[in-house]
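In what follows, a single structure is set out as C-alpha cells and then discussed.
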Amino acid sequence: MKNETAVMDQAVRLRTGAYWMPFTHNRYFKKNPRSRILARAEGAYYTTAEGKRLFDCISGMWCCPLGHGHPKIAEAVARQVKELDYSPAFQMGHPKIFSLAERIVELAPAGMSQVFFANSGSEAVDTALKIAVAYHRMKGEAARTRLFGRERGYHGVGIGGISVGGIAPNRKMFAPLLLQGVDHLPHTYNAAEMAFSRGQPKWGAHLAEELERLVALHDASTIAAVIVEPMQGSGGVIVPPAGYLERLRAICDKHGILLIFDEVITGFGRLGEPFGAQRFGVMPDMITFAKIVTNGVIPMGGVIVKPAIYDAFMTGPEIAVELFHGYTYSGHPMAAAAAHATLDAIEEEGSFERVRELEPVLEQAVHSLKGEPGVADIRNIGLTAAVELEPLRENGQARPGARGLKVFEHGMEEGMLFRFSGDTIAMAPPFISTQAEIGRMVEVLRGAIQATR
Ligand SMILES: Cc1ncc(COP(=O)(O)O)c(C=O)c1O
C-alpha cells in the first residue's frame, strides 16, 4: 500500500511542461492535469493519480480488451526480458517470431500466408502501401502506383497513412507532404438513410460503385491498391453497409487492384471473429493489424499477405534481399512474447465467443439512449458502439467538440473513461466486461447526455 501511494504521489508531482502530448489539447490539459493522470491499471479499470477508479470504456485505445495487468502476459514479458531481450531484425530471427507468424496466419482468413512485422498501426499501413506498389512493379506493372483510401478513414499518421486517410485535420497541416496520385472513395455514412441502425445498415452498398468511377477516371493500369477499414473506428464507428465490402472486392478483382483491409482496430476479436474479413465474409489481399495482438502491452503491428504477393518478391538471386523495408524493432522478442501470451489468453478465455455474447447486450443498452436530448445517432457492431451528439450552441452558434469534452469530463467524475472525438462518444469495452459493467457504462453516458443538453 505504501508503495502504491508513492507511485501515485510521484505521478501527481510530475511536471507537465516538457511533454508535448500527442493528439491532445496540451494547454487545456496542463491547466488541470491531476485528474487525468493514470497511475495504475488492473482488469477493466484504471486508477488515476488522485486514486479515482475508472472503468476502461475504450480498452485503453482499442488495444487492451483482455484487461490490464493480465497475469499471463505479464509473466511472458518478464520471462522474455531475461531470456532474449532483443535480437537483430535483419538477417537474423528468433524462434517466437516464426511461430507467431504461423499462429497469425492460422487465425487469418483462409488463403493468407505470410506476416511482415512492424511496431504500430501506422507502420503497418505504410508497409502495406509500399508492398502494394512494389508488388505491381515486381509483376511488371510499374505504372500501378495510385493508392485509394476513403473519406473519414483513419490509417495512422505516417505519410502514407495520412495520404490515404480521410480525416481532414490530420491532413491539412501537412499538405505538401501528402503522396501524389492518391484519391478517396466517399464515406458510407448518411444519417438520413441509416441513423440508429443496429449492426450493418441496409442502405449504401451502391456507394462501392464510386470505385468504378475512380477507375474510369484514373485508368486501372495506374492503380495499385484500395485501403479501407472494414469498420471505420476512429472516424466514429461507421459500420459498412450490407453488401458494400463485397462490391469493393468484386470491382478490385475486375481491375487487378489489391484490396487492403486496415484491421488495426478490428483485428483479433473486436467484431467477434479473428478479423473483420471473417465477420463480413470478404477476403482482402492484405490485412494490417496492431493493437490487440499484444493486448496493448508491447507495441507491435504487421501486415498479413496472400501467397501471390509474397511469391512475387521471391524471385532473383537467393542471396539478394527481396524487400528493402523493415524496422529495427520488426518482430521484437518482447512483443512476440506478449503476442503469444495474448493469443493463448484469447483462446483460453474464449474471447471471440465472449464478444459475440456481449454484442447484443451492448446493442440493447446503447440503443436505449435514442430519444435522450440531442442524440443524433447511435451505431454499433461487435463489442463497439458510438453515440453521436448534436453540438452545444452558444448565441446561436454551434460549438463543435464542446459537448464531447463535457461528456468525457462528466464520465470521469462518475468513474467512466469514455473516448470522445468531436461530439461523438465511442465505446469499445474490454472483452472481460460483465453485463452489469456495460449497463452501468451506458447509464453513466445517459446521465452525461442529460447533464450536457
Ligand atoms: C484503422 C487504424 N489504422 C491505423 C492506426 C494507427 O495505429 P498506431 O496509432 O498504432 O500507429 C489506427 C489507430 O487507431 C487505426 O485505428
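Chain labels A, B, ... are given in the sequence in which chains occur in the C-alpha cells; within each chain residues are numbered consecutively from 1, and ligands are likewise numbered from 1 in the order shown.
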
- Distance filter 8 Å around ligand 1, atoms: only C-alpha atoms and all ligand atoms, out as a ChimeraX atom specification: /A:61-62,119-125,153-158,161,229,232-234,262-266,288-291,299-301

- Might you pull out every residue within 7 Å of A:Ile58, with only C-alpha atoms counted and same-chain residues fewer than 6 positions away left off, and present them as a ChimeraX atom specification? /A:418-419,427-429

- If you run DSSP over the backbone, which residues in stretch 264-382 of chain A end up strand (DSSP E)? Put them as JSON, numbers by chain. {"A": [286, 287, 288, 289, 301, 302, 303, 304, 305, 375, 376, 377, 378, 379, 380, 381]}

For stretch 190-271 of chain A against stretch 386-408 of chain A, with a cut-off of 12 Å and counting only C-alpha atoms, what is the closest atom pair and its distance in Å to one decimal for every residue that makes the cut, ordered by chain and number, as JSON lines?
```
{"residue": "A:Ala191", "atom": "CA", "partner": "A:Glu388", "partner_atom": "CA", "distance": 10.5}
{"residue": "A:Ala195", "atom": "CA", "partner": "A:Glu388", "partner_atom": "CA", "distance": 9.8}
{"residue": "A:Phe196", "atom": "CA", "partner": "A:Val387", "partner_atom": "CA", "distance": 9.4}
{"residue": "A:Ser197", "atom": "CA", "partner": "A:Ala386", "partner_atom": "CA", "distance": 11.4}
{"residue": "A:Arg198", "atom": "CA", "partner": "A:Ala386", "partner_atom": "CA", "distance": 11.2}
{"residue": "A:Gly199", "atom": "CA", "partner": "A:Ala386", "partner_atom": "CA", "distance": 11.5}
{"residue": "A:Gln232", "atom": "CA", "partner": "A:Ala386", "partner_atom": "CA", "distance": 11.1}
{"residue": "A:Gly233", "atom": "CA", "partner": "A:Ala386", "partner_atom": "CA", "distance": 9.3}
{"residue": "A:Ser234", "atom": "CA", "partner": "A:Ala386", "partner_atom": "CA", "distance": 10.3}
{"residue": "A:Gly235", "atom": "CA", "partner": "A:Ala386", "partner_atom": "CA", "distance": 10.2}
{"residue": "A:Gly236", "atom": "CA", "partner": "A:Ala386", "partner_atom": "CA", "distance": 6.4}
{"residue": "A:Val237", "atom": "CA", "partner": "A:Ala386", "partner_atom": "CA", "distance": 5.9}
{"residue": "A:Ile238", "atom": "CA", "partner": "A:Ala386", "partner_atom": "CA", "distance": 8.5}
{"residue": "A:Val239", "atom": "CA", "partner": "A:Ala386", "partner_atom": "CA", "distance": 10.3}
```

- Item | Long-range neighbours of stretch 242-255 of chain A as JSON, numbers by chain, 8 Å cut-off, only C-alpha atoms, 2 positions minimum in chain | {"A": [200, 201, 202, 203, 204, 205, 206, 207, 208, 209, 211, 212, 220, 226, 230, 240, 257, 258, 259, 280, 282, 283, 284]}

- Task: Select, from A:Phe117, A:Arg453, A:Ser421, A:Val293, the residue with the minimum atom-to-atom distance to A:Ala341, counting only C-alpha atoms.
- Result: A:Val293

- Message: What does the structure give for the distance between atom CA of A:Thr24 and atom CA of A:His68, in Å to one decimal?
- Response: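 That distance, rounded to one decimal, is 23.0 Å.
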
- Message: Can you tell me which residues surround A:Ile298 at a distance of at most 8 Å, considering only C-alpha atoms, apart from same-chain residues fewer than 5 positions away, and format the answer as a list in words?
- Response: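 The filter keeps Met334, Ala335 and Ala338 of chain A.
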
- Message: Can you pull out the residues contacting A:Lys306? Cut-off 7 Å, using only C-alpha atoms, and skip same-chain residues under 5 positions away; I want them as an NGL selection string.
- Response: :A and (111-114 or 285-286)

Could you dump the residues just selected with all heavy atoms as a PDB file, in the first residue's frame?
```pdb
ATOM      1  N   GLY A 111      -6.225 -18.757 -46.848  1.00  0.00           N
ATOM      2  CA  GLY A 111      -5.641 -18.250 -48.099  1.00  0.00           C
ATOM      3  C   GLY A 111      -4.644 -17.136 -47.873  1.00  0.00           C
ATOM      4  O   GLY A 111      -4.060 -16.639 -48.829  1.00  0.00           O
ATOM      5  N   MET A 112      -4.417 -16.739 -46.624  1.00  0.00           N
ATOM      6  CA  MET A 112      -3.351 -15.763 -46.375  1.00  0.00           C
ATOM      7  C   MET A 112      -2.150 -16.544 -45.834  1.00  0.00           C
ATOM      8  O   MET A 112      -2.320 -17.576 -45.182  1.00  0.00           O
ATOM      9  CB  MET A 112      -3.809 -14.686 -45.404  1.00  0.00           C
ATOM     10  CG  MET A 112      -5.090 -14.027 -45.900  1.00  0.00           C
ATOM     11  SD  MET A 112      -5.370 -12.373 -45.277  1.00  0.00           S
ATOM     12  CE  MET A 112      -4.644 -11.379 -46.533  1.00  0.00           C
ATOM     13  N   SER A 113      -0.946 -16.064 -46.095  1.00  0.00           N
ATOM     14  CA  SER A 113       0.170 -16.982 -45.873  1.00  0.00           C
ATOM     15  C   SER A 113       1.405 -16.413 -45.186  1.00  0.00           C
ATOM     16  O   SER A 113       2.205 -17.173 -44.659  1.00  0.00           O
ATOM     17  CB  SER A 113       0.599 -17.566 -47.220  1.00  0.00           C
ATOM     18  OG  SER A 113       0.885 -16.512 -48.119  1.00  0.00           O
ATOM     19  N   GLN A 114       1.646 -15.101 -45.219  1.00  0.00           N
ATOM     20  CA  GLN A 114       2.857 -14.555 -44.607  1.00  0.00           C
ATOM     21  C   GLN A 114       2.532 -13.308 -43.805  1.00  0.00           C
ATOM     22  O   GLN A 114       1.565 -12.609 -44.105  1.00  0.00           O
ATOM     23  CB  GLN A 114       3.921 -14.173 -45.664  1.00  0.00           C
ATOM     24  CG  GLN A 114       4.856 -15.304 -46.059  1.00  0.00           C
ATOM     25  CD  GLN A 114       4.246 -16.235 -47.077  1.00  0.00           C
ATOM     26  OE1 GLN A 114       3.376 -15.842 -47.854  1.00  0.00           O
ATOM     27  NE2 GLN A 114       4.697 -17.489 -47.080  1.00  0.00           N
ATOM     28  N   ASP A 285      -6.672  -8.755 -49.931  1.00  0.00           N
ATOM     29  CA  ASP A 285      -5.363  -9.285 -50.334  1.00  0.00           C
ATOM     30  C   ASP A 285      -4.327  -9.087 -49.240  1.00  0.00           C
ATOM     31  O   ASP A 285      -3.341  -9.806 -49.175  1.00  0.00           O
ATOM     32  CB  ASP A 285      -4.904  -8.585 -51.621  1.00  0.00           C
ATOM     33  CG  ASP A 285      -5.893  -8.825 -52.742  1.00  0.00           C
ATOM     34  OD1 ASP A 285      -6.063  -9.986 -53.135  1.00  0.00           O
ATOM     35  OD2 ASP A 285      -6.543  -7.861 -53.188  1.00  0.00           O
ATOM     36  N   MET A 286      -4.530  -8.044 -48.429  1.00  0.00           N
ATOM     37  CA  MET A 286      -3.630  -7.794 -47.295  1.00  0.00           C
ATOM     38  C   MET A 286      -4.464  -7.314 -46.120  1.00  0.00           C
ATOM     39  O   MET A 286      -5.492  -6.642 -46.311  1.00  0.00           O
ATOM     40  CB  MET A 286      -2.614  -6.688 -47.624  1.00  0.00           C
ATOM     41  CG  MET A 286      -1.532  -7.105 -48.571  1.00  0.00           C
ATOM     42  SD  MET A 286      -0.231  -5.824 -48.593  1.00  0.00           S
ATOM     43  CE  MET A 286      -0.473  -5.173 -50.217  1.00  0.00           C
TER      44      MET A 286
END
```

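Close contacts of A:Ile131, defined as residues with an atom at most 9 Å away when counting only C-alpha atoms, with chain neighbours fewer than 5 positions off set aside, comprise Asp126, His136, Ile309 and Leu323 of chain A.
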
- Item | Residue list (alpha helix (DSSP H), DSSP) for stretch 184-252 of chain A, as a PyMOL selection string | chain A and resi 191-194+210-218+244-252

- Message: Considering only C-alpha atoms, can you say which of A:Gly316, A:Gly269, A:Gly160, A:Pro186 comes closest to A:Ala132?
- Response: A:Gly160

- Query: Given the choices A:Thr16, A:Asn380, A:Gln278, A:Ser163, which gets closest to A:Pro109 if the distance is worked out from only C-alpha atoms?
  - Reply: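 With only C-alpha atoms as the atom set, the closest residue is A:Gln278.
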